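K.L.:
Pasting model_9.pdb here (PDB, C-alpha atoms, pLDDT in the B column):
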```
ATOM      1  CA  MET H  55     133.118  21.529  17.154  1.00 61.00           C
ATOM      2  CA  VAL H  56     134.053  19.464  20.179  1.00 73.00           C
ATOM      3  CA  THR H  57     134.570  15.747  20.076  1.00 77.00           C
ATOM      4  CA  PRO H  58     134.615  14.518  23.654  1.00 89.00           C
ATOM      5  CA  THR H  59     136.299  11.275  24.581  1.00 93.00           C
ATOM      6  CA  ILE H  60     135.388   8.507  27.007  1.00 93.00           C
ATOM      7  CA  SER H  61     138.136   7.386  29.357  1.00 93.00           C
ATOM      8  CA  HIS H  62     139.524   3.871  28.948  1.00 91.00           C
ATOM      9  CA  ASP H  63     137.954   2.805  32.258  1.00 92.00           C
ATOM     10  CA  GLN H  64     134.535   4.148  31.111  1.00 92.00           C
ATOM     11  CA  ASP H  65     134.368   6.413  34.192  1.00 95.00           C
ATOM     12  CA  SER H  66     134.547   9.831  32.532  1.00 96.00           C
ATOM     13  CA  ILE H  67     133.832  11.935  29.486  1.00 97.00           C
ATOM     14  CA  GLN H  68     136.130  14.835  28.719  1.00 96.00           C
ATOM     15  CA  GLY H  69     136.529  17.376  25.978  1.00 94.00           C
ATOM     16  CA  GLU H  70     137.787  20.829  25.199  1.00 94.00           C
ATOM     17  CA  ILE H  71     136.818  23.564  22.807  1.00 96.00           C
ATOM     18  CA  HIS H  72     137.843  27.134  22.063  1.00 97.00           C
ATOM     19  CA  ILE H  73     135.004  29.665  22.375  1.00 97.00           C
ATOM     20  CA  ALA H  74     135.425  33.083  20.744  1.00 98.00           C
ATOM     21  CA  ALA H  75     134.330  35.003  23.840  1.00 98.00           C
ATOM     22  CA  PRO H  76     135.950  35.944  27.167  1.00 98.00           C
ATOM     23  CA  PRO H  77     135.750  33.559  30.152  1.00 98.00           C
ATOM     24  CA  GLU H  78     133.308  35.894  31.939  1.00 98.00           C
ATOM     25  CA  ARG H  79     130.806  35.503  29.087  1.00 98.00           C
ATOM     26  CA  VAL H  80     131.165  31.715  28.944  1.00 98.00           C
ATOM     27  CA  PHE H  81     130.829  31.460  32.731  1.00 98.00           C
ATOM     28  CA  GLN H  82     127.545  33.404  32.571  1.00 98.00           C
ATOM     29  CA  ALA H  83     126.193  31.111  29.858  1.00 98.00           C
ATOM     30  CA  ILE H  84     126.849  27.978  31.934  1.00 98.00           C
ATOM     31  CA  THR H  85     125.669  29.319  35.315  1.00 98.00           C
ATOM     32  CA  ASP H  86     122.837  31.813  34.706  1.00 98.00           C
ATOM     33  CA  PRO H  87     119.497  29.916  34.688  1.00 96.00           C
ATOM     34  CA  ARG H  88     117.920  32.445  32.288  1.00 97.00           C
ATOM     35  CA  GLN H  89     120.703  31.903  29.765  1.00 97.00           C
ATOM     36  CA  LEU H  90     120.758  28.124  30.225  1.00 97.00           C
ATOM     37  CA  MET H  91     117.042  28.029  29.386  1.00 96.00           C
ATOM     38  CA  GLN H  92     117.799  29.854  26.129  1.00 97.00           C
ATOM     39  CA  TRP H  93     120.454  27.544  24.740  1.00 97.00           C
ATOM     40  CA  TRP H  94     120.271  24.074  26.368  1.00 95.00           C
ATOM     41  CA  GLY H  95     117.823  22.021  24.294  1.00 93.00           C
ATOM     42  CA  GLN H  96     116.720  21.334  20.752  1.00 92.00           C
ATOM     43  CA  GLN H  97     113.455  21.693  18.869  1.00 90.00           C
ATOM     44  CA  GLU H  98     111.841  18.285  18.267  1.00 89.00           C
ATOM     45  CA  MET H  99     114.101  16.765  20.959  1.00 90.00           C
ATOM     46  CA  TYR H 100     113.587  18.320  24.390  1.00 91.00           C
ATOM     47  CA  ARG H 101     113.117  21.680  26.037  1.00 89.00           C
ATOM     48  CA  HIS H 102     113.459  23.044  29.523  1.00 93.00           C
ATOM     49  CA  THR H 103     110.425  24.415  31.306  1.00 95.00           C
ATOM     50  CA  ASP H 104     112.263  25.694  34.403  1.00 97.00           C
ATOM     51  CA  TRP H 105     115.838  26.130  35.600  1.00 97.00           C
ATOM     52  CA  LYS H 106     116.877  27.275  39.065  1.00 97.00           C
ATOM     53  CA  GLY H 107     120.315  27.573  40.589  1.00 96.00           C
ATOM     54  CA  ASP H 108     122.005  28.946  43.688  1.00 98.00           C
ATOM     55  CA  VAL H 109     125.501  29.295  42.233  1.00 98.00           C
ATOM     56  CA  ARG H 110     127.741  28.887  45.301  1.00 98.00           C
ATOM     57  CA  PRO H 111     129.425  25.909  46.925  1.00 98.00           C
ATOM     58  CA  GLY H 112     126.650  23.923  48.596  1.00 98.00           C
ATOM     59  CA  GLY H 113     123.957  25.699  46.543  1.00 98.00           C
ATOM     60  CA  GLN H 114     121.352  23.568  44.787  1.00 98.00           C
ATOM     61  CA  TRP H 115     120.332  23.601  41.124  1.00 98.00           C
ATOM     62  CA  ARG H 116     117.514  21.953  39.213  1.00 98.00           C
ATOM     63  CA  SER H 117     116.325  21.858  35.644  1.00 97.00           C
ATOM     64  CA  ASP H 118     112.898  20.581  34.631  1.00 97.00           C
ATOM     65  CA  GLY H 119     111.849  19.849  31.084  1.00 95.00           C
ATOM     66  CA  VAL H 120     109.790  17.834  28.684  1.00 94.00           C
ATOM     67  CA  SER H 121     110.640  15.531  25.812  1.00 92.00           C
ATOM     68  CA  GLU H 122     109.310  16.926  22.542  1.00 89.00           C
ATOM     69  CA  ARG H 123     109.280  13.386  21.168  1.00 89.00           C
ATOM     70  CA  ASP H 124     106.798  11.797  23.586  1.00 93.00           C
ATOM     71  CA  GLY H 125     105.810  14.557  26.039  1.00 93.00           C
ATOM     72  CA  SER H 126     107.406  12.848  29.032  1.00 95.00           C
ATOM     73  CA  PRO H 127     108.769  15.082  31.789  1.00 96.00           C
ATOM     74  CA  TYR H 128     112.327  14.895  33.106  1.00 96.00           C
ATOM     75  CA  HIS H 129     114.535  16.697  35.585  1.00 97.00           C
ATOM     76  CA  VAL H 130     118.214  17.017  36.383  1.00 97.00           C
ATOM     77  CA  SER H 131     119.472  18.366  39.696  1.00 97.00           C
ATOM     78  CA  GLY H 132     122.494  18.602  41.905  1.00 98.00           C
ATOM     79  CA  GLU H 133     124.675  20.644  44.201  1.00 98.00           C
ATOM     80  CA  TYR H 134     127.402  23.121  43.318  1.00 98.00           C
ATOM     81  CA  LEU H 135     130.740  21.829  44.600  1.00 98.00           C
ATOM     82  CA  GLU H 136     133.184  24.499  43.386  1.00 98.00           C
ATOM     83  CA  VAL H 137     132.488  27.983  42.084  1.00 98.00           C
ATOM     84  CA  ASP H 138     135.369  30.281  41.125  1.00 98.00           C
ATOM     85  CA  PRO H 139     134.116  32.852  38.594  1.00 98.00           C
ATOM     86  CA  PRO H 140     135.039  33.047  35.794  1.00 98.00           C
ATOM     87  CA  ARG H 141     137.424  30.098  35.728  1.00 98.00           C
ATOM     88  CA  LEU H 142     135.712  27.096  37.321  1.00 98.00           C
ATOM     89  CA  VAL H 143     132.366  25.597  38.205  1.00 98.00           C
ATOM     90  CA  SER H 144     131.631  22.014  39.226  1.00 98.00           C
ATOM     91  CA  TYR H 145     128.445  20.352  40.391  1.00 98.00           C
ATOM     92  CA  THR H 146     126.834  17.011  40.983  1.00 98.00           C
ATOM     93  CA  TRP H 147     124.456  15.692  38.316  1.00 97.00           C
ATOM     94  CA  VAL H 148     121.463  13.452  39.073  1.00 97.00           C
ATOM     95  CA  ALA H 149     119.179  12.848  36.081  1.00 95.00           C
ATOM     96  CA  SER H 150     115.684  11.405  36.398  1.00 94.00           C
ATOM     97  CA  TRP H 151     116.344   8.978  33.533  1.00 89.00           C
ATOM     98  CA  SER H 152     119.509   7.560  35.176  1.00 89.00           C
ATOM     99  CA  GLY H 153     118.054   6.271  38.434  1.00 86.00           C
ATOM    100  CA  PRO H 154     120.200   6.929  41.514  1.00 90.00           C
ATOM    101  CA  LEU H 155     123.409   7.547  39.493  1.00 95.00           C
ATOM    102  CA  LYS H 156     125.195  10.635  40.869  1.00 96.00           C
ATOM    103  CA  THR H 157     128.003  12.031  38.728  1.00 97.00           C
ATOM    104  CA  VAL H 158     130.095  15.223  38.722  1.00 98.00           C
ATOM    105  CA  VAL H 159     130.418  17.826  35.952  1.00 98.00           C
ATOM    106  CA  ARG H 160     133.435  20.163  35.981  1.00 98.00           C
ATOM    107  CA  TRP H 161     133.879  23.148  33.650  1.00 98.00           C
ATOM    108  CA  GLU H 162     137.330  24.813  33.561  1.00 98.00           C
ATOM    109  CA  LEU H 163     137.637  28.098  31.657  1.00 98.00           C
ATOM    110  CA  GLU H 164     140.959  29.637  30.645  1.00 98.00           C
ATOM    111  CA  ALA H 165     141.579  32.827  28.668  1.00 98.00           C
ATOM    112  CA  ALA H 166     143.312  31.780  25.443  1.00 96.00           C
ATOM    113  CA  SER H 167     143.846  33.196  21.950  1.00 92.00           C
ATOM    114  CA  GLY H 168     141.380  36.056  22.336  1.00 94.00           C
ATOM    115  CA  GLY H 169     138.679  33.803  23.730  1.00 98.00           C
ATOM    116  CA  THR H 170     138.248  30.932  26.176  1.00 98.00           C
ATOM    117  CA  LEU H 171     139.586  27.408  26.246  1.00 97.00           C
ATOM    118  CA  VAL H 172     136.774  25.378  27.801  1.00 97.00           C
ATOM    119  CA  ARG H 173     137.597  22.016  29.347  1.00 97.00           C
ATOM    120  CA  ILE H 174     134.704  19.890  30.491  1.00 97.00           C
ATOM    121  CA  ARG H 175     134.884  16.640  32.421  1.00 97.00           C
ATOM    122  CA  HIS H 176     131.919  14.513  33.531  1.00 97.00           C
ATOM    123  CA  THR H 177     132.936  11.737  35.939  1.00 97.00           C
ATOM    124  CA  GLY H 178     131.353   8.959  37.965  1.00 97.00           C
ATOM    125  CA  PHE H 179     130.233   6.405  35.371  1.00 96.00           C
ATOM    126  CA  ALA H 180     132.451   3.480  36.506  1.00 92.00           C
ATOM    127  CA  ASP H 181     129.460   1.579  37.887  1.00 87.00           C
ATOM    128  CA  ALA H 182     127.158   2.567  35.012  1.00 90.00           C
ATOM    129  CA  PRO H 183     128.862   1.830  31.674  1.00 84.00           C
ATOM    130  CA  ALA H 184     125.586   2.026  29.762  1.00 85.00           C
ATOM    131  CA  ALA H 185     125.018   5.605  30.957  1.00 92.00           C
ATOM    132  CA  VAL H 186     128.397   6.876  29.794  1.00 92.00           C
ATOM    133  CA  GLN H 187     127.539   6.429  26.085  1.00 90.00           C
ATOM    134  CA  GLY H 188     124.287   8.407  26.281  1.00 89.00           C
ATOM    135  CA  HIS H 189     125.957  11.222  28.184  1.00 93.00           C
ATOM    136  CA  TYR H 190     128.847  11.206  25.702  1.00 92.00           C
ATOM    137  CA  GLU H 191     126.412  11.762  22.824  1.00 90.00           C
ATOM    138  CA  GLY H 192     124.591  14.425  24.831  1.00 91.00           C
ATOM    139  CA  TRP H 193     127.738  16.426  25.613  1.00 93.00           C
ATOM    140  CA  GLN H 194     128.615  16.580  21.913  1.00 91.00           C
ATOM    141  CA  ARG H 195     125.349  18.432  21.312  1.00 92.00           C
ATOM    142  CA  VAL H 196     125.321  20.495  24.513  1.00 94.00           C
ATOM    143  CA  ILE H 197     128.798  21.952  24.101  1.00 95.00           C
ATOM    144  CA  GLY H 198     128.007  22.858  20.494  1.00 94.00           C
ATOM    145  CA  TRP H 199     124.770  24.546  21.583  1.00 95.00           C
ATOM    146  CA  MET H 200     126.618  26.578  24.208  1.00 97.00           C
ATOM    147  CA  GLN H 201     129.245  27.657  21.689  1.00 97.00           C
ATOM    148  CA  ALA H 202     126.581  28.733  19.167  1.00 96.00           C
ATOM    149  CA  PHE H 203     124.748  30.696  21.873  1.00 98.00           C
ATOM    150  CA  VAL H 204     127.840  32.510  23.147  1.00 98.00           C
ATOM    151  CA  GLU H 205     129.390  33.211  19.757  1.00 98.00           C
ATOM    152  CA  ARG H 206     126.316  33.840  17.584  1.00 97.00           C
ATOM    153  CA  GLY H 207     123.365  34.276  19.936  1.00 97.00           C
ATOM    154  CA  GLU H 208     121.694  31.070  18.729  1.00 97.00           C
ATOM    155  CA  THR H 209     118.910  29.828  21.008  1.00 96.00           C
ATOM    156  CA  VAL H 210     116.652  26.797  21.176  1.00 95.00           C
ATOM    157  CA  ALA H 211     114.003  28.921  19.432  1.00 93.00           C
ATOM    158  CA  THR H 212     116.297  30.091  16.610  1.00 94.00           C
ATOM    159  CA  ARG H 213     118.270  26.863  16.092  1.00 91.00           C
ATOM    160  CA  PRO H 214     116.836  24.642  13.366  1.00 86.00           C
ATOM    161  CA  PRO H 215     115.149  21.411  14.506  1.00 85.00           C
ATOM    162  CA  MET H 216     117.232  18.255  14.534  1.00 74.00           C
ATOM    163  CA  ALA H 217     118.039  16.670  11.205  1.00 66.00           C
ATOM    164  CA  PRO H 218     115.986  13.479  10.669  1.00 58.00           C
ATOM    165  CA  ALA H 219     119.082  11.213  10.795  1.00 50.00           C
ATOM    166  CA  ALA H 220     120.082  12.652  14.188  1.00 49.00           C
ATOM    167  CA  LYS H 221     116.710  11.809  15.785  1.00 44.00           C
ATOM    168  CA  ALA H 222     117.303   8.088  15.942  1.00 41.00           C
TER     169      ALA H 222
END
```
Can you present the structure in this file as C-alpha cells?
P.N.:
Amino acid sequence: MVTPTISHDQDSIQGEIHIAAPPERVFQAITDPRQLMQWWGQQEMYRHTDWKGDVRPGGQWRSDGVSERDGSPYHVSGEYLEVDPPRLVSYTWVASWSGPLKTVVRWELEAASGGTLVRIRHTGFADAPAAVQGHYEGWQRVIGWMQAFVERGETVATRPPMAPAAKA
C-alpha cells in the first residue's frame, strides 16, 4: 500500500509503490481510457461514465462521472505534457470541484525487482492549501485501486463497496 506525503510547502503530493507487473502493463493501466474506466472509482463513492484521451504531448483528456452518494456529476480534464512509454506520462489536472485550480500529475515508471517502481507526483497546490488534503486522500485510494487492477484484475465492479468508516 502506498502512503503519499505532502510537501512541507503544501505544493505537492508524492508517493511511490512497487507494482508486481512490468512497466508496459502499468503504463497501459494509467493511459488507456478503457482500462481507467475499469479501475478508477469505488462503489458507493463515485464512478466514471466516460473517459477519453489523446495520449501524446498536447493531446487532451477528459473523464466524466457521477457521485454515487448524491448523484451529482463531475469531470476532470487536462492536457498531456510528456508521454514516453512505458516510463513516463504527465498531464495537467483541472477538476470541476476545484474551481480554476490547474495542477500537474506526473507518473514515472521504472523496472525494478521483477515489477515496476511507480513514482507519482501531483504539484501545483501552493495557492490552494485546502485542495491538497483532499487530493492527498484521493491518491491513497487511487494508487491502491490501480495496483489491485494491475496485479489481481480487480475492477470497480468487483471491488467491495467502501467500508462505512471510510465514507465520512
K.L.:
With a distance cut-off of 12 Å and all atoms listed in the file, select the neighbouring residues of Thr209 in chain H, excluding the residue or stretch itself and same-chain residues fewer than 2 positions from it, and output the selection as a list of chain:residue names.
P.N.:
H:Ala83, H:Arg88, H:Gln89, H:Leu90, H:Met91, H:Gln92, H:Trp93, H:Trp94, H:Gly95, H:Gln96, H:Gln97, H:Arg101, H:Val196, H:Gly198, H:Trp199, H:Met200, H:Gln201, H:Ala202, H:Phe203, H:Val204, H:Glu205, H:Arg206, H:Gly207, H:Ala211, H:Thr212, H:Arg213, H:Pro214, H:Pro215
K.L.:
Need the shell around Gly169 in chain H: protein/DNA/RNA residues with any atom at most 8 Å away, counting only C-alpha atoms. Skip same-chain ones fewer than 2 positions apart. Format as a ChimeraX atom specification?
P.N.:
/H:72-77,165-167,171
K.L.:
So, counting only C-alpha atoms, which residue among H:Gln64, H:Pro154, H:Arg141, H:Met99 is closest to Arg195 in chain H?
P.N.:
H:Met99
K.L.:
Would you kindly translate the PyMOL selection byres ((chain H and resi 156) around 10) into the concrete residues it picks from this file, as JSON, numbers by chain?
P.N.:
{"H": [131, 132, 146, 147, 148, 149, 152, 153, 154, 155, 157, 158, 177, 178, 179]}
K.L.:
Hey, can you check how far CA of Pro127 in chain H sits from CA of Arg175 in chain H?
P.N.:
26.2 Å
K.L.:
For the file shown, what are the residues hit by the PyMOL selection byres ((chain H and resi 113) around 10), laid out as an MDAnalysis selection string?
P.N.:
chainID H and resid 107:112 114:115 132:137 145
K.L.:
Go through H:Ser121, H:Val143, H:His129, H:Asp65 one by one, measure the shortest atom-to-atom distance of each to Trp105 in chain H using only C-alpha atoms, and give the residue with the smallest value.
P.N.:
H:His129
